[in-house]
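K.L.:
Sharing a structure, written as structure tokens. Questions coming.
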Amino acid sequence: MPMPKWLTHVNKRVFNPGAIARGKRPVLTHVGRTSGTTYRTPLDAHPVDGGYVFILVYGSRSDWVRNVLAAGSAKLKVDGREVELVTPRLIGQDEAFQALSAGVTRPPKLLRITEFLRADLRT
């Protein structure tokens, strides 16, 4: 059970702009699948071998997830550098937990998060 939909609207308009301005979190730049508008979304990006894994707190129906999957790529600014991500795909919990380092906090079971997004670094 991902987080409620109404919370996504609060985050987009209230918390995300501040997080982007502070510059302390990774920011994913992606293009709207119908509008063509460029969006910047602060996220937790977990490095894995050859790419990154994102925990889908709001589920795979989130706009940013659908945008990245439709485009087939995105850019991620992390630790002051920008990397290009390609081949985004939804993965299950088992594959995600196998790829994530032991130090990454797993989402609480109460949230019932079973989908994750994995993307590879463009080489």
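Labels used: A, B, ... for chains in the order of the structure tokens, numbers from 1 for residues in each chain, and numbers from 1 for ligands as shown.
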Hey, what's within 9 Å of stretch 69-84 of chain A if we count only C-alpha atoms and toss same-chain stuff fewer than 5 positions away? As a list of chain:residue names, please?
P.N.:
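After dropping sequence-adjacent residues, the list is A:Gly23, A:Lys24, A:Arg25, A:Pro26, A:Val27, A:Leu28, A:Thr29, A:His30, A:Val31, A:Gly32, A:Arg33, A:Ala45, A:Trp64, A:Arg89, A:Leu90, A:Ala119, A:Asp120, A:Leu121, A:Arg122, A:Thr123.
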K.L.:
Next, dump the selected residues to file, keeping only C-alpha atoms, as a CSV table (one decimal), in the first residue's frame.
P.N.:
```csv
chain,number,residue,atom,x,y,z
A,23,GLY,CA,20.6,20.9,-2.9
A,24,LYS,CA,21.3,18.1,-0.4
A,25,ARG,CA,19.2,15.4,-2.0
A,26,PRO,CA,19.6,13.6,-5.3
A,27,VAL,CA,17.4,15.3,-8.0
A,28,LEU,CA,16.0,13.4,-11.0
A,29,THR,CA,15.4,15.4,-14.1
A,30,HIS,CA,12.8,13.8,-16.4
A,31,VAL,CA,10.5,14.9,-19.2
A,32,GLY,CA,6.7,14.8,-19.1
A,33,ARG,CA,5.3,12.0,-21.2
A,45,ALA,CA,18.7,7.3,-5.2
A,64,TRP,CA,7.8,10.7,-12.3
A,89,ARG,CA,12.5,-0.8,-15.5
A,90,LEU,CA,10.3,-1.9,-12.6
A,119,ALA,CA,18.0,2.3,-14.1
A,120,ASP,CA,21.5,1.8,-15.5
A,121,LEU,CA,24.2,4.4,-15.9
A,122,ARG,CA,24.9,5.3,-19.5
A,123,THR,CA,28.4,4.1,-20.3
```
K.L.:
Tell me, in Å to one decimal, how far atom CA of A:Val68 is from atom CA of A:Thr105.
P.N.:
23.9 Å
K.L.:
Enumerate the residues of chain A with a DSSP assignment of strand (DSSP E or B), computed from the backbone, and present them as number ranges by chain.
P.N.:
A: 27-31, 38-42, 46-48, 51-55, 73-78, 81-92, 115-121
K.L.:
Going by DSSP on the backbone, which residues of stretch 24-117 of chain A come out as alpha helix (DSSP H)? List them as a list of chain:residue names.
P.N.:
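So the alpha helix (DSSP H) residues in stretch 24-117 of chain A would be A:Asp63, A:Trp64, A:Val65, A:Arg66, A:Asn67, A:Val68, A:Leu69, A:Ala70, A:Ala71, A:Gln93, A:Asp94, A:Glu95, A:Ala96, A:Phe97, A:Gln98, A:Ala99.
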K.L.:
Find the residue from A:Ile55, A:Gln98, A:Asn67, A:Arg61 that sits nearest to A:Thr38; use only C-alpha atoms when measuring.
P.N.:
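Ranking A:Ile55, A:Gln98, A:Asn67, A:Arg61 by distance to A:Thr38, first place goes to A:Asn67.
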K.L.:
Rounded to one decimal place, report the atom CA of A:Glu115-atom CA of A:Asp49 distance in Å.
P.N.:
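A separation of 18.6 Å between them.
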K.L.:
Determine the nearest neighbour of A:Lys109 from the options A:Val86, A:Val48, A:Val57, A:Ile91, counting only C-alpha atoms.
P.N.:
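Of all the options, A:Val57 lies closest to A:Lys109.
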K.L.:
Under the rule that only C-alpha atoms are counted, which of A:Tyr52, A:Tyr39, A:Phe97, A:Tyr58 is the nearest residue to A:Ile113?
P.N.:
A:Tyr58
K.L.:
Pick the closest to A:Ser35 from A:Leu56, A:Asp63, A:Pro47, A:Ala99: which is it, counting only C-alpha atoms?
P.N.:
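So, comparing all the options, the nearest one is A:Asp63.
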